[in-house]
file upload31.cif (mmCIF, C-alpha atoms)
data_target
loop_
_atom_site.group_PDB
_atom_site.id
_atom_site.type_symbol
_atom_site.label_atom_id
_atom_site.label_comp_id
_atom_site.auth_asym_id
_atom_site.auth_seq_id
_atom_site.Cartn_x
_atom_site.Cartn_y
_atom_site.Cartn_z
ATOM 1 C CA MET A 1 -58.921 -30.924 -9.614
ATOM 2 C CA THR A 2 -59.745 -28.115 -11.989
ATOM 3 C CA ARG A 3 -63.103 -26.368 -11.984
ATOM 4 C CA LEU A 4 -63.006 -25.963 -15.766
ATOM 5 C CA THR A 5 -62.286 -28.603 -18.381
ATOM 6 C CA LEU A 6 -58.573 -29.186 -18.815
ATOM 7 C CA HIS A 7 -58.347 -30.029 -22.504
ATOM 8 C CA THR A 8 -55.809 -32.248 -24.208
ATOM 9 C CA GLU A 9 -54.777 -32.118 -27.849
ATOM 10 C CA ALA A 10 -57.480 -34.692 -28.569
ATOM 11 C CA SER A 11 -60.304 -32.973 -26.687
ATOM 12 C CA ALA A 12 -59.665 -29.317 -27.565
ATOM 13 C CA PRO A 13 -62.546 -27.597 -29.374
ATOM 14 C CA GLU A 14 -61.994 -27.159 -33.093
ATOM 15 C CA GLY A 15 -61.311 -23.425 -32.766
ATOM 16 C CA SER A 16 -58.492 -24.114 -30.292
ATOM 17 C CA GLN A 17 -56.857 -27.137 -31.913
ATOM 18 C CA ALA A 18 -54.248 -25.265 -33.987
ATOM 19 C CA PHE A 19 -53.248 -23.149 -30.976
ATOM 20 C CA VAL A 20 -52.994 -26.225 -28.752
ATOM 21 C CA ALA A 21 -50.845 -28.044 -31.325
ATOM 22 C CA ARG A 22 -48.541 -25.027 -31.567
ATOM 23 C CA ALA A 23 -48.213 -24.862 -27.769
ATOM 24 C CA VAL A 24 -47.266 -28.549 -27.618
ATOM 25 C CA ALA A 25 -44.711 -28.070 -30.410
ATOM 26 C CA ASN A 26 -43.188 -25.033 -28.656
ATOM 27 C CA ASN A 27 -43.079 -26.535 -25.155
ATOM 28 C CA GLY A 28 -42.765 -30.276 -25.660
ATOM 29 C CA PHE A 29 -45.895 -30.655 -23.501
ATOM 30 C CA LEU A 30 -49.287 -28.987 -23.166
ATOM 31 C CA PRO A 31 -49.158 -26.345 -20.424
ATOM 32 C CA ASN A 32 -52.306 -26.587 -18.333
ATOM 33 C CA LEU A 33 -52.963 -22.878 -18.920
ATOM 34 C CA ILE A 34 -53.369 -23.627 -22.630
ATOM 35 C CA GLY A 35 -55.561 -26.633 -21.845
ATOM 36 C CA ILE A 36 -57.817 -24.373 -19.776
ATOM 37 C CA LEU A 37 -57.886 -21.473 -22.233
ATOM 38 C CA ALA A 38 -58.764 -23.943 -25.005
ATOM 39 C CA ASN A 39 -62.310 -23.890 -23.603
ATOM 40 C CA ALA A 40 -62.683 -20.430 -25.158
ATOM 41 C CA PRO A 41 -60.832 -20.231 -28.481
ATOM 42 C CA SER A 42 -61.051 -16.429 -28.412
ATOM 43 C CA ALA A 43 -59.397 -16.289 -24.964
ATOM 44 C CA LEU A 44 -56.660 -18.673 -26.094
ATOM 45 C CA GLU A 45 -56.045 -16.697 -29.281
ATOM 46 C CA THR A 46 -55.976 -13.451 -27.308
ATOM 47 C CA TYR A 47 -53.447 -14.843 -24.838
ATOM 48 C CA LEU A 48 -51.136 -16.116 -27.583
ATOM 49 C CA THR A 49 -51.477 -12.948 -29.682
ATOM 50 C CA VAL A 50 -50.846 -10.600 -26.764
ATOM 51 C CA ALA A 51 -47.851 -12.736 -25.745
ATOM 52 C CA GLN A 52 -46.368 -12.265 -29.230
ATOM 53 C CA ILE A 53 -47.015 -8.529 -29.132
ATOM 54 C CA ASN A 54 -45.534 -8.296 -25.634
ATOM 55 C CA ALA A 55 -42.378 -10.041 -26.893
ATOM 56 C CA ARG A 56 -41.952 -7.316 -29.538
ATOM 57 C CA GLY A 57 -42.176 -4.511 -26.979
ATOM 58 C CA SER A 58 -39.437 -2.346 -25.535
ATOM 59 C CA LEU A 59 -38.666 -4.542 -22.513
ATOM 60 C CA THR A 60 -35.988 -7.222 -22.752
ATOM 61 C CA LEU A 61 -36.883 -10.867 -22.157
ATOM 62 C CA ALA A 62 -35.443 -10.668 -18.636
ATOM 63 C CA GLU A 63 -37.474 -7.526 -17.949
ATOM 64 C CA ARG A 64 -40.654 -9.133 -19.283
ATOM 65 C CA GLU A 65 -40.091 -12.095 -16.968
ATOM 66 C CA VAL A 66 -39.661 -9.715 -14.019
ATOM 67 C CA VAL A 67 -43.104 -8.289 -14.796
ATOM 68 C CA GLN A 68 -44.647 -11.747 -15.258
ATOM 69 C CA ILE A 69 -43.211 -13.242 -12.056
ATOM 70 C CA THR A 70 -44.169 -10.118 -10.097
ATOM 71 C CA ALA A 71 -47.749 -10.151 -11.375
ATOM 72 C CA ALA A 72 -48.139 -13.896 -10.835
ATOM 73 C CA ARG A 73 -46.828 -13.578 -7.273
ATOM 74 C CA LEU A 74 -49.186 -10.710 -6.472
ATOM 75 C CA HIS A 75 -52.147 -12.438 -8.149
ATOM 76 C CA GLY A 76 -51.418 -15.711 -6.327
ATOM 77 C CA CYS A 77 -50.929 -17.772 -9.497
ATOM 78 C CA ASP A 78 -48.524 -20.612 -8.686
ATOM 79 C CA PHE A 79 -48.771 -21.958 -12.235
ATOM 80 C CA CYS A 80 -47.513 -18.692 -13.756
ATOM 81 C CA VAL A 81 -44.856 -18.176 -11.073
ATOM 82 C CA ALA A 82 -43.469 -21.612 -11.973
ATOM 83 C CA GLY A 83 -43.807 -21.160 -15.723
ATOM 84 C CA HIS A 84 -42.164 -17.756 -15.771
ATOM 85 C CA THR A 85 -39.485 -18.878 -13.330
ATOM 86 C CA ALA A 86 -38.561 -21.593 -15.828
ATOM 87 C CA ALA A 87 -38.453 -19.016 -18.637
ATOM 88 C CA ALA A 88 -36.436 -16.561 -16.523
ATOM 89 C CA LEU A 89 -33.819 -19.192 -15.727
ATOM 90 C CA LYS A 90 -33.652 -21.071 -19.034
ATOM 91 C CA GLN A 91 -34.366 -18.413 -21.649
ATOM 92 C CA ALA A 92 -33.646 -15.047 -20.026
ATOM 93 C CA LYS A 93 -30.624 -16.487 -18.168
ATOM 94 C CA LEU A 94 -31.396 -14.699 -14.917
ATOM 95 C CA GLY A 95 -29.497 -16.092 -11.940
ATOM 96 C CA THR A 96 -31.236 -18.414 -9.511
ATOM 97 C CA GLY A 97 -30.754 -15.977 -6.633
ATOM 98 C CA ALA A 98 -32.378 -13.147 -8.584
ATOM 99 C CA VAL A 99 -35.309 -15.342 -9.575
ATOM 100 C CA ILE A 100 -35.851 -16.534 -6.007
ATOM 101 C CA ALA A 101 -35.814 -12.884 -4.911
ATOM 102 C CA LEU A 102 -38.477 -12.099 -7.525
ATOM 103 C CA GLN A 103 -40.582 -15.025 -6.327
ATOM 104 C CA ASN A 104 -40.413 -13.522 -2.834
ATOM 105 C CA GLY A 105 -40.905 -9.889 -3.884
ATOM 106 C CA GLU A 106 -37.421 -8.980 -2.704
ATOM 107 C CA ALA A 107 -34.499 -7.051 -4.181
ATOM 108 C CA THR A 108 -32.532 -8.952 -6.809
ATOM 109 C CA GLY A 109 -29.354 -6.900 -6.484
ATOM 110 C CA ASP A 110 -29.849 -5.484 -9.987
ATOM 111 C CA ALA A 111 -31.005 -1.893 -9.487
ATOM 112 C CA ARG A 112 -32.677 -1.660 -12.894
ATOM 113 C CA LEU A 113 -34.633 -4.907 -12.519
ATOM 114 C CA ASP A 114 -35.562 -3.954 -8.970
ATOM 115 C CA ALA A 115 -36.937 -0.608 -10.178
ATOM 116 C CA LEU A 116 -39.027 -2.492 -12.739
ATOM 117 C CA ARG A 117 -40.329 -4.916 -10.095
ATOM 118 C CA VAL A 118 -41.310 -2.051 -7.794
ATOM 119 C CA PHE A 119 -42.977 -0.201 -10.665
ATOM 120 C CA ALA A 120 -44.906 -3.306 -11.755
ATOM 121 C CA GLU A 121 -46.042 -3.796 -8.158
ATOM 122 C CA ALA A 122 -47.255 -0.173 -8.089
ATOM 123 C CA VAL A 123 -49.059 -0.549 -11.426
ATOM 124 C CA ILE A 124 -50.925 -3.587 -10.085
ATOM 125 C CA ALA A 125 -51.638 -2.132 -6.642
ATOM 126 C CA THR A 126 -52.994 1.140 -8.045
ATOM 127 C CA ARG A 127 -54.545 -0.299 -11.232
ATOM 128 C CA GLY A 128 -52.200 1.955 -13.195
ATOM 129 C CA ASN A 129 -52.753 5.063 -11.106
ATOM 130 C CA VAL A 130 -49.162 5.145 -9.830
ATOM 131 C CA ASP A 131 -48.107 8.266 -8.021
ATOM 132 C CA ASP A 132 -45.600 10.726 -9.436
ATOM 133 C CA ASP A 133 -42.806 9.400 -7.206
ATOM 134 C CA ALA A 134 -43.225 5.845 -8.542
ATOM 135 C CA LEU A 135 -43.099 7.010 -12.160
ATOM 136 C CA THR A 136 -40.152 9.295 -11.450
ATOM 137 C CA ALA A 137 -38.213 6.460 -9.772
ATOM 138 C CA PHE A 138 -38.940 4.175 -12.729
ATOM 139 C CA ARG A 139 -37.724 6.833 -15.182
ATOM 140 C CA ALA A 140 -34.652 7.545 -13.012
ATOM 141 C CA ALA A 141 -33.678 3.865 -13.397
ATOM 142 C CA GLY A 142 -33.369 4.505 -17.133
ATOM 143 C CA TYR A 143 -36.785 3.375 -18.308
ATOM 144 C CA SER A 144 -38.747 5.258 -20.959
ATOM 145 C CA GLU A 145 -42.404 6.144 -21.362
ATOM 146 C CA ALA A 146 -42.712 3.280 -23.859
ATOM 147 C CA GLN A 147 -41.332 0.892 -21.252
ATOM 148 C CA ALA A 148 -43.836 2.178 -18.681
ATOM 149 C CA LEU A 149 -46.642 1.339 -21.090
ATOM 150 C CA ASP A 150 -45.042 -1.994 -21.997
ATOM 151 C CA THR A 151 -45.027 -2.790 -18.276
ATOM 152 C CA VAL A 152 -48.790 -2.195 -18.312
ATOM 153 C CA LEU A 153 -49.006 -4.451 -21.377
ATOM 154 C CA GLY A 154 -47.126 -7.181 -19.508
ATOM 155 C CA VAL A 155 -49.434 -6.798 -16.522
ATOM 156 C CA SER A 156 -52.457 -7.127 -18.816
ATOM 157 C CA LEU A 157 -51.052 -10.345 -20.287
ATOM 158 C CA ALA A 158 -50.321 -11.665 -16.819
ATOM 159 C CA THR A 159 -53.799 -10.742 -15.609
ATOM 160 C CA LEU A 160 -55.431 -12.851 -18.327
ATOM 161 C CA CYS A 161 -53.419 -15.971 -17.595
ATOM 162 C CA ASN A 162 -53.239 -15.490 -13.803
ATOM 163 C CA PHE A 163 -56.989 -14.988 -13.495
ATOM 164 C CA ALA A 164 -57.801 -17.855 -15.888
ATOM 165 C CA ASN A 165 -55.619 -20.203 -13.837
ATOM 166 C CA SER A 166 -57.184 -19.003 -10.597
ATOM 167 C CA LEU A 167 -60.700 -19.404 -11.984
ATOM 168 C CA ALA A 168 -59.929 -22.934 -13.166
ATOM 169 C CA ARG A 169 -57.624 -23.843 -10.270
ATOM 170 C CA SER A 170 -55.164 -25.178 -12.813
ATOM 171 C CA PRO A 171 -52.627 -27.636 -11.447
ATOM 172 C CA VAL A 172 -48.979 -26.970 -12.181
ATOM 173 C CA ASN A 173 -47.684 -29.327 -14.867
ATOM 174 C CA PRO A 174 -45.074 -31.831 -13.633
ATOM 175 C CA GLN A 175 -42.548 -30.222 -16.001
ATOM 176 C CA LEU A 176 -42.962 -26.895 -14.173
ATOM 177 C CA GLN A 177 -43.180 -28.107 -10.579
ATOM 178 C CA PRO A 178 -39.396 -27.870 -9.951
ATOM 179 C CA TYR A 179 -39.769 -24.111 -10.498
ATOM 180 C CA LEU A 180 -42.338 -23.551 -7.774
ATOM 181 C CA PRO A 181 -40.840 -21.264 -5.109
ATOM 182 C CA GLU A 182 -40.711 -23.870 -2.351
ATOM 183 C CA LYS A 183 -39.101 -26.485 -4.618
ATOM 184 C CA LEU A 184 -36.603 -24.140 -6.277
ATOM 185 C CA GLN A 185 -35.588 -22.662 -2.944
ATOM 186 C CA ALA A 186 -35.251 -26.106 -1.340
ATOM 187 C CA GLU A 187 -33.164 -27.386 -4.277
ATOM 188 C CA THR A 188 -30.949 -24.300 -4.163
ATOM 189 C CA GLY A 189 -30.459 -24.777 -0.419
ATOM 190 C CA ARG A 190 -29.485 -28.428 -0.945
ATOM 191 C CA ALA A 191 -27.039 -27.462 -3.691
ATOM 192 C CA ARG A 192 -25.383 -24.896 -1.415
ATOM 193 C CA ALA A 193 -25.128 -27.427 1.426
ATOM 194 C CA ALA A 194 -23.456 -30.027 -0.801
#
call {"tool": "encode", "arguments": {"input": "upload31.cif", "output": "C-alpha cells"}}
result
Amino acid sequence: MTRLTLHTEASAPEGSQAFVARAVANNGFLPNLIGILANAPSALETYLTVAQINARGSLTLAEREVVQITAARLHGCDFCVAGHTAAALKQAKLGTGAVIALQNGEATGDARLDALRVFAEAVIATRGNVDDDALTAFRAAGYSEAQALDTVLGVSLATLCNFANSLARSPVNPQLQPYLPEKLQAETGRARAA
C-alpha cells in the first residue's frame, strides 16, 4: 500500500495528465513512479525533463543504466532496480550476468563499466566529494570530465525517482517484477539448471 496517492490516467491532476499519457504510450502501462509523481506536476515534469537531458549526455545507454541501477541499489529502491534492469537488458542489451552483478554491487567483468559503477558508488557515498584516487581511477578507465559530471547528473535523476518511490512506498508494477533481483537471479538459475 502506498503512502501517497497512486494516480491512474483517469485520476491524474490536470497538470500531470499529458505526462501520464505519454508515459503510458511509451511503456504500454503506467509505471507506478509516474503515478506517484503525478501528485506534483512539477516533480513529474522535472523527472521527465531531466531524463531526456540525461539521455543526451556523454554516457552511453548502457553506462547510464549502470549509474541508475547502482544508485537504486544503494538508495534501496526496488522499483528503480527492476525498471532499470529491464532497460539494461532490453534496450541497452547488457548481458544478464552483468546486470545481476550490478544488482549485487559486484564486478561485471567489463573493466570500463566496473570503473563507472565504482565511481558512481563513490559519488553517492561522498555526496560528490570523491577523493583524488577515485577520480583518477575513473579517468584512467577512459572517462572524461564531462562523463564525470554526467555521472553526477545520472545520480541526481536517480535520487529524485528513488526518493519519491521510497517516500511513497511504491509497489513494483507486475510488468517489472520479473526484473527484481531475487526473481531475475532465480530465473537465471533455473535456466542454467535446465
call {"tool": "residues_around", "arguments": {"input": "upload31.cif", "residues": "Thr5 of chain A", "least_positions_apart": "2", "cutoff": "12 Å", "atoms": "only C-alpha atoms", "output": "list in words"}}
result
Met1, Thr2, Arg3, His7, Thr8, Ser11, Ala12, Pro13, Asn32, Leu33, Ile34, Gly35, Ile36, Leu37, Ala38, Asn39, Ala40, Ala164, Asn165, Leu167, Ala168, Arg169, Ser170 and Pro171 of chain A
call {"tool": "write_last_selection", "arguments": {"input": "upload31.cif", "atoms": "C-alpha atoms", "output": "mmCIF file, in the frame of the given file"}}
result
data_model
loop_
_atom_site.group_PDB
_atom_site.id
_atom_site.type_symbol
_atom_site.label_atom_id
_atom_site.label_comp_id
_atom_site.auth_asym_id
_atom_site.auth_seq_id
_atom_site.Cartn_x
_atom_site.Cartn_y
_atom_site.Cartn_z
ATOM 1 C CA MET A 1 -58.921 -30.924 -9.614
ATOM 2 C CA THR A 2 -59.745 -28.115 -11.989
ATOM 3 C CA ARG A 3 -63.103 -26.368 -11.984
ATOM 4 C CA HIS A 7 -58.347 -30.029 -22.504
ATOM 5 C CA THR A 8 -55.809 -32.248 -24.208
ATOM 6 C CA SER A 11 -60.304 -32.973 -26.687
ATOM 7 C CA ALA A 12 -59.665 -29.317 -27.565
ATOM 8 C CA PRO A 13 -62.546 -27.597 -29.374
ATOM 9 C CA ASN A 32 -52.306 -26.587 -18.333
ATOM 10 C CA LEU A 33 -52.963 -22.878 -18.920
ATOM 11 C CA ILE A 34 -53.369 -23.627 -22.630
ATOM 12 C CA GLY A 35 -55.561 -26.633 -21.845
ATOM 13 C CA ILE A 36 -57.817 -24.373 -19.776
ATOM 14 C CA LEU A 37 -57.886 -21.473 -22.233
ATOM 15 C CA ALA A 38 -58.764 -23.943 -25.005
ATOM 16 C CA ASN A 39 -62.310 -23.890 -23.603
ATOM 17 C CA ALA A 40 -62.683 -20.430 -25.158
ATOM 18 C CA ALA A 164 -57.801 -17.855 -15.888
ATOM 19 C CA ASN A 165 -55.619 -20.203 -13.837
ATOM 20 C CA LEU A 167 -60.700 -19.404 -11.984
ATOM 21 C CA ALA A 168 -59.929 -22.934 -13.166
ATOM 22 C CA ARG A 169 -57.624 -23.843 -10.270
ATOM 23 C CA SER A 170 -55.164 -25.178 -12.813
ATOM 24 C CA PRO A 171 -52.627 -27.636 -11.447
#
call {"tool": "resolve_selection", "arguments": {"input": "upload31.cif", "expression": "the PyMOL selection byres ((chain A and resi 94) around 12)", "output": "list of chain:residue names"}}
result
A:Thr60, A:Leu61, A:Ala62, A:Glu63, A:Arg64, A:Glu65, A:Val66, A:His84, A:Thr85, A:Ala86, A:Ala87, A:Ala88, A:Leu89, A:Lys90, A:Gln91, A:Ala92, A:Lys93, A:Gly95, A:Thr96, A:Gly97, A:Ala98, A:Val99, A:Ile100, A:Ala101, A:Leu102, A:Thr108, A:Gly109, A:Asp110, A:Leu113
call {"tool": "resolve_selection", "arguments": {"input": "upload31.cif", "expression": "the PyMOL selection byres ((chain A and resi 155) around 12)", "output": "VMD selection string"}}
result
chain A and resid 50 to 51 54 64 to 75 116 to 117 119 to 125 127 to 128 148 to 154 156 to 163
call {"tool": "write_last_selection", "arguments": {"input": "upload31.cif", "atoms": "C-alpha atoms", "output": "PDB file, keeping the file's coordinate frame"}}
result
ATOM      1  CA  VAL A  50     -50.846 -10.600 -26.764  1.00  0.00           C
ATOM      2  CA  ALA A  51     -47.851 -12.736 -25.745  1.00  0.00           C
ATOM      3  CA  ASN A  54     -45.534  -8.296 -25.634  1.00  0.00           C
ATOM      4  CA  ARG A  64     -40.654  -9.133 -19.283  1.00  0.00           C
ATOM      5  CA  GLU A  65     -40.091 -12.095 -16.968  1.00  0.00           C
ATOM      6  CA  VAL A  66     -39.661  -9.715 -14.019  1.00  0.00           C
ATOM      7  CA  VAL A  67     -43.104  -8.289 -14.796  1.00  0.00           C
ATOM      8  CA  GLN A  68     -44.647 -11.747 -15.258  1.00  0.00           C
ATOM      9  CA  ILE A  69     -43.211 -13.242 -12.056  1.00  0.00           C
ATOM     10  CA  THR A  70     -44.169 -10.118 -10.097  1.00  0.00           C
ATOM     11  CA  ALA A  71     -47.749 -10.151 -11.375  1.00  0.00           C
ATOM     12  CA  ALA A  72     -48.139 -13.896 -10.835  1.00  0.00           C
ATOM     13  CA  ARG A  73     -46.828 -13.578  -7.273  1.00  0.00           C
ATOM     14  CA  LEU A  74     -49.186 -10.710  -6.472  1.00  0.00           C
ATOM     15  CA  HIS A  75     -52.147 -12.438  -8.149  1.00  0.00           C
ATOM     16  CA  LEU A 116     -39.027  -2.492 -12.739  1.00  0.00           C
ATOM     17  CA  ARG A 117     -40.329  -4.916 -10.095  1.00  0.00           C
ATOM     18  CA  PHE A 119     -42.977  -0.201 -10.665  1.00  0.00           C
ATOM     19  CA  ALA A 120     -44.906  -3.306 -11.755  1.00  0.00           C
ATOM     20  CA  GLU A 121     -46.042  -3.796  -8.158  1.00  0.00           C
ATOM     21  CA  ALA A 122     -47.255  -0.173  -8.089  1.00  0.00           C
ATOM     22  CA  VAL A 123     -49.059  -0.549 -11.426  1.00  0.00           C
ATOM     23  CA  ILE A 124     -50.925  -3.587 -10.085  1.00  0.00           C
ATOM     24  CA  ALA A 125     -51.638  -2.132  -6.642  1.00  0.00           C
ATOM     25  CA  ARG A 127     -54.545  -0.299 -11.232  1.00  0.00           C
ATOM     26  CA  GLY A 128     -52.200   1.955 -13.195  1.00  0.00           C
ATOM     27  CA  ALA A 148     -43.836   2.178 -18.681  1.00  0.00           C
ATOM     28  CA  LEU A 149     -46.642   1.339 -21.090  1.00  0.00           C
ATOM     29  CA  ASP A 150     -45.042  -1.994 -21.997  1.00  0.00           C
ATOM     30  CA  THR A 151     -45.027  -2.790 -18.276  1.00  0.00           C
ATOM     31  CA  VAL A 152     -48.790  -2.195 -18.312  1.00  0.00           C
ATOM     32  CA  LEU A 153     -49.006  -4.451 -21.377  1.00  0.00           C
ATOM     33  CA  GLY A 154     -47.126  -7.181 -19.508  1.00  0.00           C
ATOM     34  CA  SER A 156     -52.457  -7.127 -18.816  1.00  0.00           C
ATOM     35  CA  LEU A 157     -51.052 -10.345 -20.287  1.00  0.00           C
ATOM     36  CA  ALA A 158     -50.321 -11.665 -16.819  1.00  0.00           C
ATOM     37  CA  THR A 159     -53.799 -10.742 -15.609  1.00  0.00           C
ATOM     38  CA  LEU A 160     -55.431 -12.851 -18.327  1.00  0.00           C
ATOM     39  CA  CYS A 161     -53.419 -15.971 -17.595  1.00  0.00           C
ATOM     40  CA  ASN A 162     -53.239 -15.490 -13.803  1.00  0.00           C
ATOM     41  CA  PHE A 163     -56.989 -14.988 -13.495  1.00  0.00           C
TER      42      PHE A 163
END
call {"tool": "atom_distance", "arguments": {"input": "upload31.cif", "atom1": "atom CA of Val172 of chain A", "atom2": "atom CA of Phe79 of chain A"}}
result
5.0 Å
call {"tool": "resolve_selection", "arguments": {"input": "upload31.cif", "expression": "the PyMOL selection byres ((chain A and resi 19) around 12)", "output": "ChimeraX atom specification"}}
result
/A:8-9,12-18,20-26,30-31,34-35,37-49
call {"tool": "write_last_selection", "arguments": {"input": "upload31.cif", "atoms": "C-alpha atoms", "output": "compact mmCIF listing (two decimals), keeping the file's coordinate frame"}}
result
# COMPACT_ATOMS: atom_id res chain seq x y z
CA THR A 8 -55.81 -32.25 -24.21
CA GLU A 9 -54.78 -32.12 -27.85
CA ALA A 12 -59.66 -29.32 -27.56
CA PRO A 13 -62.55 -27.60 -29.37
CA GLU A 14 -61.99 -27.16 -33.09
CA GLY A 15 -61.31 -23.42 -32.77
CA SER A 16 -58.49 -24.11 -30.29
CA GLN A 17 -56.86 -27.14 -31.91
CA ALA A 18 -54.25 -25.26 -33.99
CA VAL A 20 -52.99 -26.22 -28.75
CA ALA A 21 -50.84 -28.04 -31.32
CA ARG A 22 -48.54 -25.03 -31.57
CA ALA A 23 -48.21 -24.86 -27.77
CA VAL A 24 -47.27 -28.55 -27.62
CA ALA A 25 -44.71 -28.07 -30.41
CA ASN A 26 -43.19 -25.03 -28.66
CA LEU A 30 -49.29 -28.99 -23.17
CA PRO A 31 -49.16 -26.34 -20.42
CA ILE A 34 -53.37 -23.63 -22.63
CA GLY A 35 -55.56 -26.63 -21.84
CA LEU A 37 -57.89 -21.47 -22.23
CA ALA A 38 -58.76 -23.94 -25.00
CA ASN A 39 -62.31 -23.89 -23.60
CA ALA A 40 -62.68 -20.43 -25.16
CA PRO A 41 -60.83 -20.23 -28.48
CA SER A 42 -61.05 -16.43 -28.41
CA ALA A 43 -59.40 -16.29 -24.96
CA LEU A 44 -56.66 -18.67 -26.09
CA GLU A 45 -56.04 -16.70 -29.28
CA THR A 46 -55.98 -13.45 -27.31
CA TYR A 47 -53.45 -14.84 -24.84
CA LEU A 48 -51.14 -16.12 -27.58
CA THR A 49 -51.48 -12.95 -29.68
call {"tool": "atom_distance", "arguments": {"input": "upload31.cif", "atom1": "atom CA of Phe138 of chain A", "atom2": "atom CA of Ala111 of chain A"}}
result
10.5 Å
